[in-house]
>>> print(open('input_24.cif').read())   # mmCIF, C-alpha atoms
data_input
#
loop_
_atom_site.label_atom_id
_atom_site.label_comp_id
_atom_site.auth_asym_id
_atom_site.auth_seq_id
_atom_site.Cartn_x
_atom_site.Cartn_y
_atom_site.Cartn_z
CA MET A 1 -51.07 -15.08 23.94
CA PRO A 2 -53.24 -19.16 27.00
CA VAL A 3 -54.39 -20.55 23.67
CA ALA A 4 -58.06 -20.24 24.52
CA ASN A 5 -57.85 -16.54 25.30
CA ARG A 6 -55.64 -14.46 23.03
CA PRO A 7 -53.88 -12.13 23.31
CA ALA A 8 -52.77 -12.91 26.88
CA PRO A 9 -49.86 -11.45 28.82
CA ARG A 10 -46.56 -12.83 27.64
CA PRO A 11 -43.31 -13.36 29.45
CA ALA A 12 -40.42 -10.99 28.90
CA ALA A 13 -38.97 -11.06 25.40
CA PRO A 14 -36.07 -13.47 24.90
CA PRO A 15 -32.57 -12.09 24.38
CA GLY A 16 -32.70 -12.99 20.71
CA PRO A 17 -32.86 -15.96 18.38
CA ARG A 18 -30.27 -18.67 19.04
CA ALA A 19 -28.26 -20.14 16.22
CA PRO A 20 -29.11 -23.75 15.32
CA ARG A 21 -27.28 -26.35 17.35
CA TRP A 22 -25.23 -27.54 14.36
CA VAL A 23 -23.94 -23.99 13.81
CA ARG A 24 -22.80 -23.76 17.44
CA ARG A 25 -21.02 -27.08 17.09
CA LEU A 26 -19.36 -26.30 13.74
CA PRO A 27 -16.20 -24.66 15.20
CA VAL A 28 -15.48 -27.81 17.19
CA LEU A 29 -16.06 -29.99 14.12
CA LEU A 30 -13.66 -27.85 12.06
CA LEU A 31 -11.06 -28.14 14.81
CA LEU A 32 -11.40 -31.95 14.98
CA ALA A 33 -11.30 -32.26 11.19
CA ASP A 34 -8.11 -30.19 11.04
CA LEU A 35 -6.44 -32.25 13.76
CA VAL A 36 -7.37 -35.51 12.01
CA ALA A 37 -5.99 -34.21 8.69
CA GLU A 38 -2.79 -33.11 10.44
CA ALA A 39 -2.38 -36.53 12.06
CA LEU A 40 -2.95 -38.45 8.81
CA PHE A 41 -1.01 -36.19 6.43
CA PRO A 42 1.46 -34.18 8.55
CA ARG A 43 3.77 -33.21 5.67
CA THR A 44 1.31 -32.80 2.79
CA VAL A 45 -1.48 -30.76 4.41
CA ALA A 46 -1.04 -27.05 5.26
CA ALA A 47 -1.32 -27.19 9.03
CA GLY A 48 -4.34 -25.43 10.44
CA PHE A 49 -5.97 -24.48 7.11
CA LEU A 50 -9.42 -25.57 8.42
CA LEU A 51 -8.99 -23.28 11.43
CA THR A 52 -9.07 -20.11 9.30
CA PRO A 53 -12.91 -19.74 9.10
CA ILE A 54 -13.50 -20.58 12.78
CA PRO A 55 -13.75 -16.94 14.03
CA VAL A 56 -16.43 -16.15 11.42
CA VAL A 57 -18.36 -19.32 12.28
CA VAL A 58 -18.09 -18.49 15.99
CA ALA A 59 -19.58 -15.04 15.27
CA PHE A 60 -22.92 -16.57 14.27
CA SER A 61 -23.43 -18.01 17.75
CA PHE A 62 -21.28 -16.11 20.25
CA GLY A 63 -20.19 -12.62 21.20
CA PRO A 64 -17.22 -10.50 20.05
CA GLY A 65 -15.09 -11.59 23.02
CA THR A 66 -15.45 -15.24 22.09
CA ALA A 67 -14.67 -14.40 18.45
CA LEU A 68 -11.42 -12.72 19.54
CA LEU A 69 -10.46 -15.66 21.75
CA SER A 70 -11.17 -18.13 18.94
CA THR A 71 -8.95 -16.03 16.64
CA ALA A 72 -6.05 -16.13 19.09
CA GLY A 73 -6.57 -19.83 19.72
CA ALA A 74 -6.75 -20.67 16.00
CA ILE A 75 -3.56 -18.74 15.16
CA GLY A 76 -1.73 -20.24 18.15
CA LEU A 77 -2.70 -23.76 17.13
CA GLN A 78 -1.72 -23.10 13.51
CA ILE A 79 1.71 -21.93 14.64
CA ALA A 80 2.14 -24.98 16.88
CA LEU A 81 1.14 -27.40 14.13
CA ALA A 82 3.44 -25.72 11.59
CA ALA A 83 6.38 -25.72 14.04
CA ARG A 84 5.79 -29.42 14.72
CA VAL A 85 6.75 -30.32 11.13
CA GLY A 86 9.29 -27.51 10.65
CA HIS A 87 7.13 -25.30 8.44
CA LEU A 88 6.71 -22.40 10.86
CA ASP A 89 8.09 -19.62 8.61
CA GLU A 90 7.17 -21.00 5.19
CA GLN A 91 5.34 -18.45 3.03
CA HIS A 92 2.06 -20.34 2.57
CA HIS A 93 1.79 -20.86 6.34
CA ILE A 94 2.40 -17.16 6.97
CA TRP A 95 -0.47 -16.32 4.62
CA ILE A 96 -2.68 -18.78 6.55
CA TYR A 97 -1.89 -16.87 9.76
CA VAL A 98 -2.74 -13.57 8.04
CA ALA A 99 -5.98 -15.00 6.61
CA THR A 100 -6.98 -16.25 10.06
CA LEU A 101 -6.27 -12.84 11.57
CA LEU A 102 -8.46 -11.16 8.93
CA SER A 103 -11.14 -13.78 9.58
CA GLY A 104 -10.96 -12.88 13.27
CA VAL A 105 -11.41 -9.16 12.57
CA MET A 106 -14.40 -9.84 10.34
CA GLY A 107 -15.85 -12.35 12.80
CA THR A 108 -15.57 -9.92 15.70
CA ALA A 109 -17.29 -7.16 13.68
CA LEU A 110 -19.95 -9.58 12.48
CA SER A 111 -20.68 -10.75 16.02
CA TRP A 112 -20.99 -7.17 17.28
CA GLN A 113 -23.37 -6.25 14.47
CA ARG A 114 -25.44 -9.40 14.99
CA ILE A 115 -25.90 -8.61 18.67
CA ARG A 116 -26.95 -5.04 17.83
CA GLN A 117 -29.55 -6.32 15.38
CA GLU A 118 -30.85 -8.88 17.89
CA ARG A 119 -31.27 -6.18 20.51
CA SER A 120 -33.14 -3.98 18.03
CA LEU A 121 -35.38 -6.91 17.17
CA VAL A 122 -36.11 -7.57 20.84
CA ARG A 123 -37.00 -3.90 21.36
CA ALA A 124 -39.30 -3.96 18.32
CA ARG A 125 -41.02 -7.11 19.57
CA THR A 126 -41.42 -5.61 23.03
CA VAL A 127 -43.02 -2.49 21.57
CA ALA A 128 -45.33 -4.59 19.39
CA GLU A 129 -46.42 -6.74 22.35
CA THR A 130 -46.98 -3.66 24.52
CA LEU A 131 -49.06 -2.08 21.76
CA GLN A 132 -51.05 -5.28 21.35
CA ARG A 133 -51.86 -5.48 25.06
CA ALA A 134 -52.78 -1.77 25.16
CA VAL A 135 -55.03 -1.81 22.09
CA LEU A 136 -56.34 -5.38 22.13
CA ARG A 137 -56.78 -5.99 25.82
CA PRO A 138 -56.97 -9.63 26.94
CA VAL A 139 -60.53 -10.92 27.11
CA PRO A 140 -61.45 -12.45 30.51
CA GLU A 141 -62.36 -16.11 30.59
CA ARG A 142 -65.61 -15.22 32.37
CA ALA A 143 -67.83 -12.14 32.05
CA GLY A 144 -71.10 -12.25 33.98
CA ASP A 145 -72.34 -15.79 33.51
CA LEU A 146 -70.61 -16.09 30.13
CA ARG A 147 -67.58 -18.19 29.33
CA VAL A 148 -65.54 -16.31 26.75
CA ALA A 149 -62.54 -17.19 24.61
CA ALA A 150 -60.73 -15.10 22.01
CA LEU A 151 -58.04 -15.51 19.38
CA TYR A 152 -56.05 -12.89 17.51
CA ARG A 153 -53.38 -13.36 14.87
CA ALA A 154 -51.88 -10.51 12.88
CA ALA A 155 -50.83 -11.44 9.34
CA HIS A 156 -47.46 -9.82 10.09
CA ALA A 157 -46.48 -11.42 13.37
CA ASP A 158 -43.90 -8.76 14.25
CA ALA A 159 -46.57 -6.04 14.06
CA GLY A 160 -48.66 -7.56 16.85
CA VAL A 161 -51.77 -5.61 15.82
CA GLY A 162 -53.36 -5.55 12.38
CA GLY A 163 -56.65 -4.36 10.95
CA ASP A 164 -58.89 -6.76 12.87
CA LEU A 165 -60.28 -5.79 16.27
CA TYR A 166 -62.29 -7.06 19.20
CA ALA A 167 -63.22 -5.90 22.69
CA LEU A 168 -65.41 -6.88 25.63
CA CYS A 169 -67.05 -4.61 28.23
CA ASP A 170 -69.02 -5.92 31.20
CA THR A 171 -71.55 -3.10 31.70
CA ARG A 172 -74.73 -2.45 33.69
CA PHE A 173 -76.66 -3.20 30.50
CA GLY A 174 -75.01 -6.60 30.10
CA VAL A 175 -71.84 -7.96 28.56
CA ARG A 176 -71.12 -6.14 25.31
CA LEU A 177 -68.72 -7.37 22.69
CA LEU A 178 -67.38 -5.95 19.44
CA LEU A 179 -65.55 -7.73 16.65
CA GLY A 180 -64.64 -6.05 13.39
CA ASP A 181 -62.36 -5.66 10.40
CA VAL A 182 -60.98 -2.33 9.13
CA ARG A 183 -60.74 -1.75 5.40
CA GLY A 184 -57.08 -1.38 4.56
CA LYS A 185 -53.83 -2.49 6.12
CA GLY A 186 -50.73 -1.09 7.74
CA LEU A 187 -50.35 1.68 10.30
CA GLU A 188 -53.44 3.55 9.12
CA ALA A 189 -55.56 0.46 9.82
CA VAL A 190 -54.01 0.14 13.29
CA ARG A 191 -54.86 3.79 13.94
CA THR A 192 -58.49 3.12 13.02
CA VAL A 193 -58.52 0.03 15.25
CA ALA A 194 -57.35 2.13 18.20
CA GLU A 195 -59.97 4.83 17.51
CA VAL A 196 -62.86 2.36 17.22
CA LEU A 197 -61.89 0.35 20.29
CA GLY A 198 -61.43 3.51 22.33
CA ALA A 199 -64.86 4.78 21.28
CA PHE A 200 -66.46 1.42 22.05
CA ARG A 201 -64.96 1.20 25.54
CA ALA A 202 -65.94 4.79 26.30
CA ALA A 203 -69.55 4.47 25.09
CA ALA A 204 -70.41 0.88 26.05
CA HIS A 205 -70.88 1.74 29.73
CA GLY A 206 -73.10 4.78 29.21
CA THR A 207 -75.21 3.98 26.15
CA ALA A 208 -78.42 2.16 26.99
CA ARG A 209 -79.37 0.81 23.56
CA LEU A 210 -77.10 -1.41 21.48
CA ALA A 211 -78.37 0.28 18.31
CA GLU A 212 -77.37 3.68 19.66
CA LEU A 213 -73.92 2.31 20.49
CA ALA A 214 -73.57 1.13 16.89
CA GLU A 215 -74.51 4.62 15.66
CA GLN A 216 -71.87 6.22 17.87
CA LEU A 217 -69.22 3.89 16.44
CA ASP A 218 -70.48 4.72 12.95
CA ARG A 219 -69.91 8.42 13.61
CA THR A 220 -66.46 7.68 15.04
CA VAL A 221 -65.38 5.98 11.81
CA MET A 222 -66.92 8.80 9.75
CA ARG A 223 -64.87 11.39 11.68
CA GLU A 224 -61.74 9.28 11.22
CA ALA A 225 -62.42 9.12 7.47
CA VAL A 226 -62.76 12.92 7.30
CA ASP A 227 -59.56 13.45 9.30
CA ARG A 228 -57.64 11.14 6.99
CA GLY A 229 -59.31 12.31 3.78
CA ASP A 230 -60.28 8.72 3.01
CA GLU A 231 -63.85 8.57 1.72
CA GLU A 232 -63.64 4.78 1.39
CA LEU A 233 -62.74 4.08 5.01
CA PHE A 234 -65.15 1.73 6.75
CA VAL A 235 -65.19 -1.02 9.36
CA THR A 236 -67.29 -4.16 9.12
CA ALA A 237 -68.39 -5.14 12.61
CA VAL A 238 -70.65 -7.28 14.76
CA LEU A 239 -71.93 -5.93 18.09
CA LEU A 240 -73.24 -8.32 20.72
CA GLU A 241 -75.06 -7.81 24.01
CA TYR A 242 -75.85 -10.49 26.58
CA ALA A 243 -77.78 -9.82 29.77
CA THR A 244 -77.00 -12.25 32.60
CA GLY A 245 -79.57 -15.04 32.77
CA SER A 246 -81.45 -13.87 29.66
CA GLY A 247 -80.69 -16.97 27.59
CA ARG A 248 -80.29 -14.83 24.47
CA VAL A 249 -77.75 -12.57 22.82
CA ASP A 250 -78.67 -9.45 20.85
CA VAL A 251 -76.78 -9.00 17.58
CA ILE A 252 -76.26 -6.03 15.26
CA ASN A 253 -74.39 -6.83 12.07
CA ARG A 254 -72.77 -3.87 10.31
CA GLY A 255 -71.64 -5.45 7.06
CA HIS A 256 -69.72 -8.27 8.69
CA LEU A 257 -69.75 -12.07 8.38
CA ALA A 258 -72.77 -13.67 10.05
CA PRO A 259 -72.17 -15.25 13.47
CA LEU A 260 -72.42 -19.00 13.98
CA VAL A 261 -74.17 -20.92 16.75
CA LEU A 262 -72.57 -24.21 17.78
CA SER A 263 -74.29 -26.99 19.68
CA GLY A 264 -72.43 -30.28 19.78
CA THR A 265 -71.98 -31.27 16.14
CA ALA A 266 -74.60 -28.80 14.83
CA VAL A 267 -73.44 -25.50 13.35
CA ALA A 268 -76.05 -22.92 12.32
CA THR A 269 -75.60 -19.50 10.71
CA VAL A 270 -77.38 -16.66 12.48
CA SER A 271 -79.85 -14.94 10.18
CA CYS A 272 -79.75 -11.20 10.83
CA PRO A 273 -80.04 -8.08 8.68
CA ASP A 274 -76.75 -7.12 7.07
CA GLU A 275 -76.54 -3.35 7.51
CA LEU A 276 -73.98 -0.95 6.08
CA PRO A 277 -70.50 -1.07 7.66
CA LEU A 278 -69.46 1.44 10.29
CA GLY A 279 -68.52 4.70 8.60
CA LEU A 280 -71.02 4.27 5.77
CA GLY A 281 -74.20 4.64 7.81
CA HIS A 282 -74.91 8.05 6.23
CA LEU A 283 -75.61 6.24 2.94
CA ALA A 284 -78.61 4.41 4.42
CA ALA A 285 -82.16 5.79 4.22
CA PRO A 286 -82.70 8.19 7.17
CA ALA A 287 -85.93 6.47 8.17
CA GLU A 288 -84.31 3.03 8.50
CA PRO A 289 -83.83 2.14 12.20
CA ALA A 290 -80.99 -0.09 13.26
CA VAL A 291 -82.15 -3.68 13.58
CA THR A 292 -81.20 -5.77 16.61
CA THR A 293 -81.63 -9.52 16.25
CA GLY A 294 -82.23 -11.67 19.33
CA VAL A 295 -80.52 -15.06 19.16
CA PRO A 296 -81.42 -17.79 21.68
CA LEU A 297 -78.27 -18.89 23.51
CA PRO A 298 -78.99 -21.49 26.20
CA PRO A 299 -76.22 -23.27 28.15
CA GLY A 300 -74.36 -25.76 25.95
CA HIS A 301 -74.59 -23.45 22.93
CA THR A 302 -71.75 -21.20 21.75
CA LEU A 303 -71.97 -18.09 19.61
CA LEU A 304 -68.93 -17.64 17.39
CA VAL A 305 -67.98 -14.45 15.54
CA HIS A 306 -64.91 -14.20 13.36
CA THR A 307 -63.19 -12.17 10.66
CA ASP A 308 -62.52 -13.29 7.11
CA GLY A 309 -58.99 -14.25 8.08
CA VAL A 310 -60.61 -17.52 9.19
CA SER A 311 -63.20 -18.21 6.51
CA GLU A 312 -60.99 -16.98 3.64
CA ALA A 313 -57.83 -18.79 4.67
CA ARG A 314 -56.75 -20.93 1.69
CA ASP A 315 -54.87 -24.16 1.32
CA ALA A 316 -52.23 -24.80 -1.34
CA SER A 317 -54.91 -25.39 -3.99
CA GLY A 318 -56.68 -22.10 -3.20
CA THR A 319 -59.68 -23.69 -1.47
CA PHE A 320 -61.24 -21.65 1.34
CA TYR A 321 -61.16 -22.99 4.87
CA PRO A 322 -64.43 -24.97 5.46
CA LEU A 323 -65.24 -23.38 8.80
CA ALA A 324 -68.71 -24.84 9.43
CA GLY A 325 -67.63 -28.32 8.36
CA ARG A 326 -64.54 -28.30 10.56
CA LEU A 327 -66.46 -27.07 13.59
CA GLY A 328 -69.23 -29.61 12.99
CA SER A 329 -66.72 -32.44 13.21
CA LEU A 330 -65.14 -31.08 16.38
CA GLY A 331 -67.72 -32.63 18.71
CA THR A 332 -67.68 -29.86 21.32
CA SER A 333 -68.99 -26.32 21.67
CA ALA A 334 -66.92 -25.24 24.69
CA PRO A 335 -65.55 -21.77 23.80
CA ASP A 336 -61.97 -22.45 24.90
CA LEU A 337 -61.82 -25.74 23.01
CA VAL A 338 -63.36 -24.23 19.89
CA VAL A 339 -60.89 -21.35 19.85
CA ALA A 340 -57.91 -23.62 20.59
CA PHE A 341 -59.00 -25.87 17.72
CA LEU A 342 -59.24 -22.96 15.27
CA ASP A 343 -55.85 -21.69 16.39
CA ARG A 344 -54.26 -24.99 15.39
CA ASP A 345 -56.45 -26.01 12.49
CA VAL A 346 -56.45 -22.80 10.44
CA ALA A 347 -52.65 -22.63 10.66
CA ALA A 348 -52.33 -26.28 9.64
CA TYR A 349 -54.79 -25.80 6.76
CA ALA A 350 -53.44 -22.57 5.30
CA GLY A 351 -49.84 -22.43 6.48
CA ARG A 352 -48.68 -18.81 6.56
CA LEU A 353 -51.47 -16.30 7.22
CA HIS A 354 -52.05 -13.68 4.51
CA ASP A 355 -54.72 -11.78 6.45
CA ASP A 356 -55.36 -10.84 10.04
CA LEU A 357 -57.50 -13.26 12.03
CA ALA A 358 -59.80 -12.64 15.00
CA VAL A 359 -62.28 -14.92 16.76
CA LEU A 360 -64.64 -14.50 19.72
CA ALA A 361 -66.61 -17.37 21.24
CA LEU A 362 -69.12 -17.05 24.11
CA SER A 363 -71.37 -19.48 25.90
CA PRO A 364 -73.58 -19.21 29.04
CA SER A 365 -72.30 -21.18 31.98
CA PRO A 366 -74.64 -23.95 33.15
CA GLU A 367 -76.07 -23.26 36.61
#
>>> encode(input="input_24.cif", output="structure tokens")
Amino acid sequence: MPVANRPAPRPAAPPGPRAPRWVRRLPVLLLLADLVAEALFPRTVAAGFLLTPIPVVVAFSFGPGTALLSTAGAIGLQIALAARVGHLDEQHHIWIYVATLLSGVMGTALSWQRIRQERSLVRARTVAETLQRAVLRPVPERAGDLRVAALYRAAHADAGVGGDLYALCDTRFGVRLLLGDVRGKGLEAVRTVAEVLGAFRAAAHGTARLAELAEQLDRTVMREAVDRGDEELFVTAVLLEYATGSGRVDVINRGHLAPLVLSGTAVATVSCPDELPLGLGHLAAPAEPAVTTGVPLPPGHTLLVHTDGVSEARDASGTFYPLAGRLGSLGTSAPDLVVAFLDRDVAAYAGRLHDDLAVLALSPSPE
């Protein structure tokens, strides 16, 4: 998924992982080593003994046909080398021929099975990428007068989609964005992600008030919890709304991490009420209205929302990723550059991801 806007459409899946170059060259090296040994010690070395494993080595890089050809070639060369010194029918040479034949059978079977597994892996990756594009649709680089950039990384790369979510809808009420994190992991979390994103896209265009949209999503998660029999299911989320030319973004925080506002080297945390996560709204006092916080967002400023896969990424010593400090030293607030930086820097800081990661950055375009 360009770096500044993830996930983006990807090219067709490759035919499978290629063996390292040294593995592909190993059959040739074994052949040369055997020929050198034969030339130096023609009467003391069993001719062609280094050729025996060649079919199995070939199987790691090439197809069954090549494995069969290498078997025939290895046995033919062993026979020629043995005949050259008059050892053609000696017992230990005959057993070398037999061992090479068995190696060829195993190599051919190994190559066939490897290709089957590679094809299965390609199909699985294709399904995961299709699911990712269907559930987490690519965010446009521009929406209204906003520049937008997004980043998504699932902790399990082969899954494509994890428990984090985001979406953008350009509606008659303004550009509306959602970023959230489902409690739990695995396929059940992906199911909740699909339900919440579907509800958001369906309601964002017809619901006038952002607070009412948040309540609809709250009821969606509650219904999902009832269907699954999971009383602890909830989704932390931030909902944003930006009207073209307004110079401000409205924020509702449902138990999620507070957004950040970037301006050059300054990084400020948005102060807004932290309400109950989606799915737990019924636990709040009935008289409490949803609170929408207006955040000034002039050109040159960027609002950043993220999941805890960023802020809770740890280095080898267990120290959390210093998000505000890293962004403050970046020297730019352009959404695409900020997201590209986080894509590189979090991975370099933490190494392998242990949690899903999602980021949205938006900034008004200067007129």
>>> residues_around(input="input_24.cif", residues="Val238 in chain A", least_positions_apart="2", cutoff="8 Å", atoms="only C-alpha atoms", output="VMD selection string")
chain A and resid 178 to 180 236 240 251 to 256 305
>>> residues_near_point(input="input_24.cif", point="(-53.7, -17.4, 9.9)", cutoff="8 Å", atoms="only C-alpha atoms", output="list in words")
Arg153, Ala154, Ala155, Gly309, Val310, Ala313, Val346, Ala347, Ala350, Gly351, Arg352, Leu353, His354, Asp355, Asp356 and Leu357 of chain A
>>> residues_around(input="input_24.cif", residues="His282 in chain A", least_positions_apart="4", cutoff="10 Å", atoms="all atoms listed in the file", output="ChimeraX atom specification")
/A:218-219,222,276,278,286
>>> resolve_selection(input="input_24.cif", expression="the PyMOL selection byres ((chain A and resi 78-82) around 8)", output="PyMOL selection string")
chain A and resi 38+46-49+51+74-77+83-88+93+97
>>> residues_around(input="input_24.cif", residues="range 62-67 of chain A", least_positions_apart="3", cutoff="10 Å", atoms="all atoms listed in the file", output="PDB file with C-alpha atoms, in the coordinates of the input")
ATOM      1  CA  ARG A  18     -30.270 -18.670  19.040  1.00  0.00           C
ATOM      2  CA  ALA A  19     -28.260 -20.140  16.220  1.00  0.00           C
ATOM      3  CA  ARG A  24     -22.800 -23.760  17.440  1.00  0.00           C
ATOM      4  CA  ILE A  54     -13.500 -20.580  12.780  1.00  0.00           C
ATOM      5  CA  PRO A  55     -13.750 -16.940  14.030  1.00  0.00           C
ATOM      6  CA  VAL A  56     -16.430 -16.150  11.420  1.00  0.00           C
ATOM      7  CA  VAL A  57     -18.360 -19.320  12.280  1.00  0.00           C
ATOM      8  CA  VAL A  58     -18.090 -18.490  15.990  1.00  0.00           C
ATOM      9  CA  ALA A  59     -19.580 -15.040  15.270  1.00  0.00           C
ATOM     10  CA  SER A  70     -11.170 -18.130  18.940  1.00  0.00           C
ATOM     11  CA  THR A  71      -8.950 -16.030  16.640  1.00  0.00           C
ATOM     12  CA  ALA A  72      -6.050 -16.130  19.090  1.00  0.00           C
ATOM     13  CA  GLY A  73      -6.570 -19.830  19.720  1.00  0.00           C
ATOM     14  CA  SER A 103     -11.140 -13.780   9.580  1.00  0.00           C
ATOM     15  CA  GLY A 104     -10.960 -12.880  13.270  1.00  0.00           C
ATOM     16  CA  VAL A 105     -11.410  -9.160  12.570  1.00  0.00           C
ATOM     17  CA  MET A 106     -14.400  -9.840  10.340  1.00  0.00           C
ATOM     18  CA  GLY A 107     -15.850 -12.350  12.800  1.00  0.00           C
ATOM     19  CA  THR A 108     -15.570  -9.920  15.700  1.00  0.00           C
ATOM     20  CA  ALA A 109     -17.290  -7.160  13.680  1.00  0.00           C
ATOM     21  CA  LEU A 110     -19.950  -9.580  12.480  1.00  0.00           C
ATOM     22  CA  SER A 111     -20.680 -10.750  16.020  1.00  0.00           C
ATOM     23  CA  TRP A 112     -20.990  -7.170  17.280  1.00  0.00           C
ATOM     24  CA  GLN A 113     -23.370  -6.250  14.470  1.00  0.00           C
ATOM     25  CA  ARG A 114     -25.440  -9.400  14.990  1.00  0.00           C
ATOM     26  CA  ILE A 115     -25.900  -8.610  18.670  1.00  0.00           C
TER      27      ILE A 115
END
>>> closest_residue(input="input_24.cif", among="A:Leu327, A:Ala284, A:Ala225, A:Leu50", to="Val261 in chain A", atoms="all atoms listed in the file")
A:Leu327
>>> residues_near_point(input="input_24.cif", point="(-63.3, -16.5, 4.4)", cutoff="9 Å", atoms="only C-alpha atoms", output="MDAnalysis selection string")
chainID A and resid 257 307:314 320:323
>>> resolve_selection(input="input_24.cif", expression="the PyMOL selection byres ((chain A and resi 164) around 6)", output="count of residues only")
5
>>> atom_distance(input="input_24.cif", atom1="CA of Gly174 in chain A", atom2="CA of Thr207 in chain A")
11.3 Å
>>> atom_distance(input="input_24.cif", atom1="CA of Glu224 in chain A", atom2="CA of Leu187 in chain A")
13.7 Å
>>> resolve_selection(input="input_24.cif", expression="the PyMOL selection byres ((chain A and resi 297) around 10)", output="JSON, numbers by chain")
{"A": [242, 246, 247, 248, 249, 250, 261, 262, 263, 294, 295, 296, 298, 299, 300, 301, 302, 303, 362, 363, 364]}
>>> atom_distance(input="input_24.cif", atom1="CA of Phe173 in chain A", atom2="CA of Thr192 in chain A")
26.0 Å
>>> residues_around(input="input_24.cif", residues="Pro140 in chain A", least_positions_apart="6", cutoff="9 Å", atoms="all atoms listed in the file", output="PDB file with C-alpha atoms, in the frame of the given file")
ATOM      1  CA  ASN A   5     -57.850 -16.540  25.300  1.00  0.00           C
ATOM      2  CA  ARG A 147     -67.580 -18.190  29.330  1.00  0.00           C
ATOM      3  CA  VAL A 148     -65.540 -16.310  26.750  1.00  0.00           C
ATOM      4  CA  ALA A 149     -62.540 -17.190  24.610  1.00  0.00           C
ATOM      5  CA  ALA A 150     -60.730 -15.100  22.010  1.00  0.00           C
ATOM      6  CA  LEU A 168     -65.410  -6.880  25.630  1.00  0.00           C
TER       7      LEU A 168
END
>>> decode(input="input_24.cif", residues="range 112-117 of chain A", atoms="all heavy atoms", output="short mmCIF file (atom, residue, chain, number, x, y, z; two decimals), in the first residue's frame")
data_model
loop_
_atom_site.label_atom_id
_atom_site.label_comp_id
_atom_site.auth_asym_id
_atom_site.auth_seq_id
_atom_site.Cartn_x
_atom_site.Cartn_y
_atom_site.Cartn_z
N TRP A 112 7.80 -30.49 -6.36
CA TRP A 112 6.35 -30.46 -6.63
C TRP A 112 5.59 -29.93 -5.41
O TRP A 112 4.71 -29.09 -5.54
CB TRP A 112 5.90 -31.87 -6.98
CG TRP A 112 4.42 -31.98 -7.21
CD1 TRP A 112 3.72 -31.60 -8.32
CD2 TRP A 112 3.46 -32.55 -6.32
NE1 TRP A 112 2.38 -31.87 -8.16
CE2 TRP A 112 2.19 -32.47 -6.94
CE3 TRP A 112 3.54 -33.13 -5.05
CZ2 TRP A 112 1.03 -32.93 -6.34
CZ3 TRP A 112 2.38 -33.60 -4.45
CH2 TRP A 112 1.15 -33.49 -5.09
N GLN A 113 5.97 -30.42 -4.22
CA GLN A 113 5.28 -29.96 -3.01
C GLN A 113 5.58 -28.50 -2.72
O GLN A 113 4.69 -27.74 -2.29
CB GLN A 113 5.72 -30.82 -1.82
CG GLN A 113 5.08 -30.45 -0.48
CD GLN A 113 3.57 -30.61 -0.48
OE1 GLN A 113 3.02 -31.35 -1.29
NE2 GLN A 113 2.90 -29.89 0.40
N ARG A 114 6.81 -28.06 -2.98
CA ARG A 114 7.15 -26.66 -2.76
C ARG A 114 6.32 -25.74 -3.65
O ARG A 114 5.81 -24.71 -3.19
CB ARG A 114 8.64 -26.44 -3.04
CG ARG A 114 9.09 -24.98 -2.93
CD ARG A 114 10.55 -24.83 -3.28
NE ARG A 114 10.85 -25.29 -4.62
CZ ARG A 114 10.64 -24.57 -5.73
NH1 ARG A 114 10.10 -23.36 -5.65
NH2 ARG A 114 10.96 -25.05 -6.92
N ILE A 115 6.17 -26.12 -4.90
CA ILE A 115 5.38 -25.30 -5.82
C ILE A 115 3.91 -25.26 -5.39
O ILE A 115 3.25 -24.22 -5.45
CB ILE A 115 5.52 -25.84 -7.26
CG1 ILE A 115 6.94 -25.57 -7.76
CG2 ILE A 115 4.50 -25.20 -8.19
CD1 ILE A 115 7.24 -26.14 -9.11
N ARG A 116 3.37 -26.38 -4.92
CA ARG A 116 2.00 -26.39 -4.42
C ARG A 116 1.84 -25.42 -3.24
O ARG A 116 0.86 -24.67 -3.16
CB ARG A 116 1.61 -27.80 -3.95
CG ARG A 116 1.25 -28.76 -5.06
CD ARG A 116 0.63 -30.01 -4.48
NE ARG A 116 -0.60 -29.69 -3.75
CZ ARG A 116 -1.20 -30.53 -2.90
NH1 ARG A 116 -0.68 -31.71 -2.64
NH2 ARG A 116 -2.32 -30.18 -2.30
N GLN A 117 2.79 -25.46 -2.32
CA GLN A 117 2.71 -24.58 -1.16
C GLN A 117 2.84 -23.11 -1.56
O GLN A 117 2.15 -22.24 -1.00
CB GLN A 117 3.79 -24.95 -0.14
CG GLN A 117 3.54 -26.28 0.53
CD GLN A 117 4.66 -26.67 1.48
OE1 GLN A 117 5.79 -26.20 1.37
NE2 GLN A 117 4.34 -27.54 2.42
#
